[in-house]
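Structure file work.cif (mmCIF, C-alpha atoms) follows.
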data_upload
#
loop_
_atom_site.group_PDB
_atom_site.id
_atom_site.type_symbol
_atom_site.label_atom_id
_atom_site.label_comp_id
_atom_site.auth_asym_id
_atom_site.auth_seq_id
_atom_site.Cartn_x
_atom_site.Cartn_y
_atom_site.Cartn_z
ATOM 1 C CA MET Y 1 24.194 3.714 30.663
ATOM 2 C CA THR Y 2 26.042 1.833 33.314
ATOM 3 C CA ASN Y 3 25.961 4.604 35.919
ATOM 4 C CA PRO Y 4 23.124 6.909 34.905
ATOM 5 C CA THR Y 5 22.860 10.345 36.461
ATOM 6 C CA LYS Y 6 19.613 12.040 37.437
ATOM 7 C CA TYR Y 7 19.967 14.193 34.289
ATOM 8 C CA ASN Y 8 20.314 11.104 32.062
ATOM 9 C CA PHE Y 9 17.202 9.567 33.628
ATOM 10 C CA MET Y 10 15.276 12.780 32.984
ATOM 11 C CA LYS Y 11 16.392 12.854 29.336
ATOM 12 C CA LEU Y 12 15.493 9.157 28.938
ATOM 13 C CA GLU Y 13 12.036 9.709 30.431
ATOM 14 C CA GLN Y 14 11.531 12.752 28.177
ATOM 15 C CA TYR Y 15 12.561 10.700 25.145
ATOM 16 C CA GLU Y 16 10.190 7.879 26.047
ATOM 17 C CA GLU Y 17 7.330 10.349 26.523
ATOM 18 C CA GLU Y 18 7.947 12.195 23.251
ATOM 19 C CA PRO Y 19 5.480 11.237 20.551
ATOM 20 C CA LYS Y 20 6.481 8.825 17.862
ATOM 21 C CA MET Y 21 7.193 10.383 14.496
ATOM 22 C CA LYS Y 22 6.700 8.728 11.128
ATOM 23 C CA ILE Y 23 7.311 9.852 7.588
ATOM 24 C CA TYR Y 24 5.427 8.119 4.802
ATOM 25 C CA HIS Y 25 6.370 8.298 1.125
ATOM 26 C CA THR Y 26 3.390 7.967 -1.210
ATOM 27 C CA GLU Y 27 4.311 7.411 -4.865
ATOM 28 C CA THR Y 28 0.764 7.439 -6.277
ATOM 29 C CA GLN Y 29 -2.449 9.358 -5.750
ATOM 30 C CA GLU Y 30 -4.080 6.039 -4.769
ATOM 31 C CA ASP Y 31 -1.477 5.437 -2.044
ATOM 32 C CA PHE Y 32 -1.847 9.003 -0.762
ATOM 33 C CA ASN Y 33 -5.643 8.730 -0.634
ATOM 34 C CA ALA Y 34 -5.505 5.398 1.211
ATOM 35 C CA LEU Y 35 -3.047 6.820 3.750
ATOM 36 C CA MET Y 36 -5.293 9.848 4.329
ATOM 37 C CA VAL Y 37 -8.305 7.590 4.956
ATOM 38 C CA GLU Y 38 -6.291 5.447 7.382
ATOM 39 C CA LEU Y 39 -4.971 8.487 9.276
ATOM 40 C CA GLU Y 40 -8.420 10.049 9.461
ATOM 41 C CA LYS Y 41 -9.800 6.856 11.022
ATOM 42 C CA GLU Y 42 -7.102 7.218 13.707
ATOM 43 C CA GLY Y 43 -8.225 10.780 14.480
ATOM 44 C CA ILE Y 44 -5.198 12.431 12.861
ATOM 45 C CA VAL Y 45 -5.627 15.937 11.376
ATOM 46 C CA TRP Y 46 -3.575 18.315 9.245
ATOM 47 C CA LEU Y 47 -1.549 20.907 11.128
ATOM 48 C CA ASN Y 48 -4.306 23.462 10.368
ATOM 49 C CA GLY Y 49 -6.919 21.155 11.961
ATOM 50 C CA THR Y 50 -8.661 19.897 8.806
ATOM 51 C CA LYS Y 51 -9.329 16.229 8.140
ATOM 52 C CA PRO Y 52 -6.716 14.354 6.075
ATOM 53 C CA THR Y 53 -9.213 13.566 3.306
ATOM 54 C CA GLU Y 54 -10.088 17.256 2.809
ATOM 55 C CA GLY Y 55 -8.208 18.753 -0.122
ATOM 56 C CA ASN Y 56 -5.538 17.063 -2.208
ATOM 57 C CA SER Y 57 -2.026 17.854 -1.052
ATOM 58 C CA TRP Y 58 -0.577 15.073 -3.220
ATOM 59 C CA ASP Y 59 -0.882 17.249 -6.335
ATOM 60 C CA GLU Y 60 1.810 19.657 -5.126
ATOM 61 C CA TYR Y 61 4.731 17.166 -5.073
ATOM 62 C CA ARG Y 62 3.064 14.153 -6.700
ATOM 63 C CA GLU Y 63 5.307 11.019 -6.604
ATOM 64 C CA ASP Y 64 7.795 12.882 -4.395
ATOM 65 C CA THR Y 65 5.220 13.462 -1.618
ATOM 66 C CA CYS Y 66 6.139 12.547 1.931
ATOM 67 C CA VAL Y 67 3.681 12.871 4.819
ATOM 68 C CA HIS Y 68 5.083 13.694 8.257
ATOM 69 C CA LEU Y 69 3.077 12.345 11.203
ATOM 70 C CA LYS Y 70 3.830 13.567 14.701
ATOM 71 C CA CYS Y 71 1.415 13.216 17.611
ATOM 72 C CA ASP Y 72 -1.988 13.521 16.017
ATOM 73 C CA GLU Y 73 -1.050 15.985 13.271
ATOM 74 C CA ILE Y 74 0.351 15.663 9.770
ATOM 75 C CA THR Y 75 2.232 17.920 7.390
ATOM 76 C CA PHE Y 76 3.810 17.172 4.028
ATOM 77 C CA ALA Y 77 6.872 18.069 1.970
ATOM 78 C CA THR Y 78 9.161 16.548 -0.632
ATOM 79 C CA CYS Y 79 11.017 13.387 0.293
ATOM 80 C CA ASP Y 80 14.324 15.254 -0.194
ATOM 81 C CA PHE Y 81 13.340 17.631 2.602
ATOM 82 C CA PHE Y 82 13.132 14.741 5.080
ATOM 83 C CA GLU Y 83 16.093 12.816 3.635
ATOM 84 C CA ASP Y 84 18.294 15.916 4.056
ATOM 85 C CA LYS Y 85 17.478 15.824 7.786
ATOM 86 C CA GLY Y 86 18.496 12.158 7.914
ATOM 87 C CA TRP Y 87 15.017 11.029 8.942
ATOM 88 C CA GLN Y 88 13.830 7.545 8.109
ATOM 89 C CA ILE Y 89 11.148 7.395 5.433
ATOM 90 C CA GLU Y 90 8.693 4.508 5.203
ATOM 91 C CA LYS Y 91 7.155 3.770 1.813
ATOM 92 C CA TYR Y 92 3.357 3.611 2.085
ATOM 93 C CA LYS Y 93 1.747 1.321 -0.455
ATOM 94 C CA VAL Y 94 -1.912 0.437 -0.405
ATOM 95 C CA ASN Y 95 -2.407 -3.315 -0.662
ATOM 96 C CA ASP Y 96 -4.731 -4.140 -3.535
ATOM 97 C CA ASN Y 97 -5.518 -7.854 -3.224
ATOM 98 C CA VAL Y 98 -7.023 -7.997 -6.715
ATOM 99 C CA ASN Y 99 -4.865 -5.965 -9.097
ATOM 100 C CA ASN Y 100 -1.628 -5.541 -7.190
ATOM 101 C CA PRO Y 101 -1.221 -7.913 -4.228
ATOM 102 C CA SER Y 102 2.002 -7.137 -2.386
ATOM 103 C CA HIS Y 103 2.681 -10.805 -1.630
ATOM 104 C CA TYR Y 104 3.177 -11.460 -5.363
ATOM 105 C CA LYS Y 105 6.194 -9.148 -5.600
ATOM 106 C CA THR Y 106 8.627 -10.875 -3.294
ATOM 107 C CA GLY Y 107 11.935 -11.559 -4.966
ATOM 108 C CA GLY Y 108 11.829 -8.331 -6.988
ATOM 109 C CA ILE Y 109 9.616 -9.488 -9.853
ATOM 110 C CA GLU Y 110 5.866 -9.543 -10.283
ATOM 111 C CA THR Y 111 4.854 -13.215 -10.226
ATOM 112 C CA LEU Y 112 2.496 -12.849 -13.203
ATOM 113 C CA ASP Y 113 5.306 -11.362 -15.329
ATOM 114 C CA TYR Y 114 7.497 -14.342 -14.442
ATOM 115 C CA ILE Y 115 4.696 -16.768 -15.352
ATOM 116 C CA LYS Y 116 4.168 -15.015 -18.700
ATOM 117 C CA ALA Y 117 7.876 -15.379 -19.428
ATOM 118 C CA LYS Y 118 8.138 -19.044 -18.380
ATOM 119 C CA VAL Y 119 4.803 -20.791 -19.028
ATOM 120 C CA PRO Y 120 4.607 -21.812 -22.702
ATOM 121 C CA ASP Y 121 0.771 -21.840 -22.808
ATOM 122 C CA TYR Y 122 -0.095 -18.710 -20.850
ATOM 123 C CA PRO Y 123 -3.751 -18.596 -22.037
ATOM 124 C CA SER Y 124 -4.439 -22.045 -20.543
ATOM 125 C CA TYR Y 125 -2.963 -20.932 -17.223
ATOM 126 C CA VAL Y 126 -5.160 -17.823 -17.198
ATOM 127 C CA VAL Y 127 -8.337 -19.681 -18.192
ATOM 128 C CA GLY Y 128 -7.671 -22.109 -15.335
ATOM 129 C CA ASN Y 129 -7.485 -19.195 -12.902
ATOM 130 C CA ILE Y 130 -10.655 -17.633 -14.305
ATOM 131 C CA ILE Y 131 -12.528 -20.918 -13.821
ATOM 132 C CA LYS Y 132 -11.083 -21.336 -10.324
ATOM 133 C CA TYR Y 133 -12.168 -17.884 -9.137
ATOM 134 C CA ILE Y 134 -15.622 -18.045 -10.729
ATOM 135 C CA THR Y 135 -16.429 -21.454 -9.272
ATOM 136 C CA ARG Y 136 -15.278 -20.672 -5.744
ATOM 137 C CA TYR Y 137 -16.560 -17.109 -5.283
ATOM 138 C CA GLU Y 138 -19.739 -18.205 -3.457
ATOM 139 C CA HIS Y 139 -17.760 -20.355 -1.032
ATOM 140 C CA LYS Y 140 -14.611 -18.357 -0.358
ATOM 141 C CA ASN Y 141 -14.018 -14.651 -1.047
ATOM 142 C CA GLY Y 142 -17.213 -13.538 -2.800
ATOM 143 C CA LEU Y 143 -16.855 -10.355 -4.809
ATOM 144 C CA GLU Y 144 -13.064 -10.342 -4.461
ATOM 145 C CA ASP Y 145 -12.859 -13.681 -6.308
ATOM 146 C CA LEU Y 146 -15.111 -12.363 -9.095
ATOM 147 C CA LYS Y 147 -12.832 -9.340 -9.428
ATOM 148 C CA LYS Y 148 -9.805 -11.649 -9.613
ATOM 149 C CA ALA Y 149 -11.513 -13.628 -12.394
ATOM 150 C CA GLN Y 150 -12.197 -10.344 -14.183
ATOM 151 C CA PHE Y 151 -8.557 -9.283 -13.700
ATOM 152 C CA TYR Y 152 -7.341 -12.497 -15.366
ATOM 153 C CA LEU Y 153 -9.881 -12.164 -18.189
ATOM 154 C CA ASP Y 154 -8.799 -8.557 -18.843
ATOM 155 C CA ASP Y 155 -5.147 -9.613 -18.721
ATOM 156 C CA LEU Y 156 -5.785 -12.446 -21.198
ATOM 157 C CA ILE Y 157 -7.556 -10.063 -23.578
ATOM 158 C CA GLU Y 158 -4.647 -7.602 -23.346
ATOM 159 C CA TRP Y 159 -2.121 -10.416 -23.853
ATOM 160 C CA MET Y 160 -3.974 -11.676 -26.943
ATOM 161 C CA GLU Y 161 -4.282 -8.176 -28.420
ATOM 162 C CA GLU Y 162 -0.508 -7.770 -28.125
ATOM 163 C CA LYS Y 163 0.152 -11.052 -29.967
#

Produce structure tokens that represent the structure in this file.
Amino acid sequence: MTNPTKYNFMKLEQYEEEPKMKIYHTETQEDFNALMVELEKEGIVWLNGTKPTEGNSWDEYREDTCVHLKCDEITFATCDFFEDKGWQIEKYKVNDNVNNPSHYKTGGIETLDYIKAKVPDYPSYVVGNIIKYITRYEHKNGLEDLKKAQFYLDDLIEWMEEK
């Protein structure tokens, strides 16, 4: 806008004052539940005024559920509904630091799957991780480290049962 008119300024001010809108795609019940908890903490409610954690709207569209946030209210519909309007959809994924840490998926492959494919003695690798997490839990991440040790132990058991 090189030479803005009064009308353009009014439209710009109106745009800047309009509430931000977001659309979240939740592919799992766990993701949906985590989003509802997060939104409830922010004081967001459903369009009918109920708390986000009341009821289970995810069951209606399941992995195709999108949540529309505008102002302090949410609604939901299928992702196609929002895509057809050309609106940007943000994938909402809960970050599980024990079983599914997001930082281990960069590059398009789960790091543990790559290790299983490339490390000739996978059990030794896993036992090393189990020992690491058990011995450091009191000094670093507490219960989270014990859960990581348990994750690796469960994974080793599953790996050995498949062999």

Step by step, work through what the PyMOL selection byres ((chain Y and resi 153) around 12) selects in the shown file, and finish by giving those residues as a PDB file with C-alpha atoms, keeping the file's coordinate frame.
ATOM      1  CA  PRO Y 123      -3.751 -18.596 -22.037  1.00  0.00           C
ATOM      2  CA  SER Y 124      -4.439 -22.045 -20.543  1.00  0.00           C
ATOM      3  CA  TYR Y 125      -2.963 -20.932 -17.223  1.00  0.00           C
ATOM      4  CA  VAL Y 126      -5.160 -17.823 -17.198  1.00  0.00           C
ATOM      5  CA  VAL Y 127      -8.337 -19.681 -18.192  1.00  0.00           C
ATOM      6  CA  GLY Y 128      -7.671 -22.109 -15.335  1.00  0.00           C
ATOM      7  CA  ASN Y 129      -7.485 -19.195 -12.902  1.00  0.00           C
ATOM      8  CA  ILE Y 130     -10.655 -17.633 -14.305  1.00  0.00           C
ATOM      9  CA  ILE Y 131     -12.528 -20.918 -13.821  1.00  0.00           C
ATOM     10  CA  TYR Y 133     -12.168 -17.884  -9.137  1.00  0.00           C
ATOM     11  CA  ILE Y 134     -15.622 -18.045 -10.729  1.00  0.00           C
ATOM     12  CA  LEU Y 146     -15.111 -12.363  -9.095  1.00  0.00           C
ATOM     13  CA  LYS Y 147     -12.832  -9.340  -9.428  1.00  0.00           C
ATOM     14  CA  LYS Y 148      -9.805 -11.649  -9.613  1.00  0.00           C
ATOM     15  CA  ALA Y 149     -11.513 -13.628 -12.394  1.00  0.00           C
ATOM     16  CA  GLN Y 150     -12.197 -10.344 -14.183  1.00  0.00           C
ATOM     17  CA  PHE Y 151      -8.557  -9.283 -13.700  1.00  0.00           C
ATOM     18  CA  TYR Y 152      -7.341 -12.497 -15.366  1.00  0.00           C
ATOM     19  CA  ASP Y 154      -8.799  -8.557 -18.843  1.00  0.00           C
ATOM     20  CA  ASP Y 155      -5.147  -9.613 -18.721  1.00  0.00           C
ATOM     21  CA  LEU Y 156      -5.785 -12.446 -21.198  1.00  0.00           C
ATOM     22  CA  ILE Y 157      -7.556 -10.063 -23.578  1.00  0.00           C
ATOM     23  CA  GLU Y 158      -4.647  -7.602 -23.346  1.00  0.00           C
ATOM     24  CA  TRP Y 159      -2.121 -10.416 -23.853  1.00  0.00           C
ATOM     25  CA  MET Y 160      -3.974 -11.676 -26.943  1.00  0.00           C
TER      26      MET Y 160
END

For Glu63 of chain Y, the nearest of the candidates Y:Phe81, Y:Phe32, Y:Trp46, Y:Trp87, counting only C-alpha atoms
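Residue with the minimum atom-to-atom distance to Glu63 of chain Y: Y:Phe32.
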
Closest of Y:Val94, Y:Met21, Y:Ile74, Y:Cys79 to Asn33 of chain Y, counting only C-alpha atoms, is Y:Val94

Kindly give the distance, in Å, that separates atom CA of Val37 of chain Y and atom CA of Phe82 of chain Y, rounded to a single decimal.
22.6 Å

What is the atom CA of Asn95 of chain Y-atom CA of Ile44 of chain Y distance in Å, reported with one decimal?
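Value for the atom CA of Asn95 of chain Y-atom CA of Ile44 of chain Y distance: 20.9 Å.
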
List every protein, DNA or RNA residue with an atom no more than 9 Å from (-2.1, 22.9, 6.8) in the file's coordinates, counting all atoms listed in the file, and format the result as a PyMOL selection string.
chain Y and resi 46-50+74-76
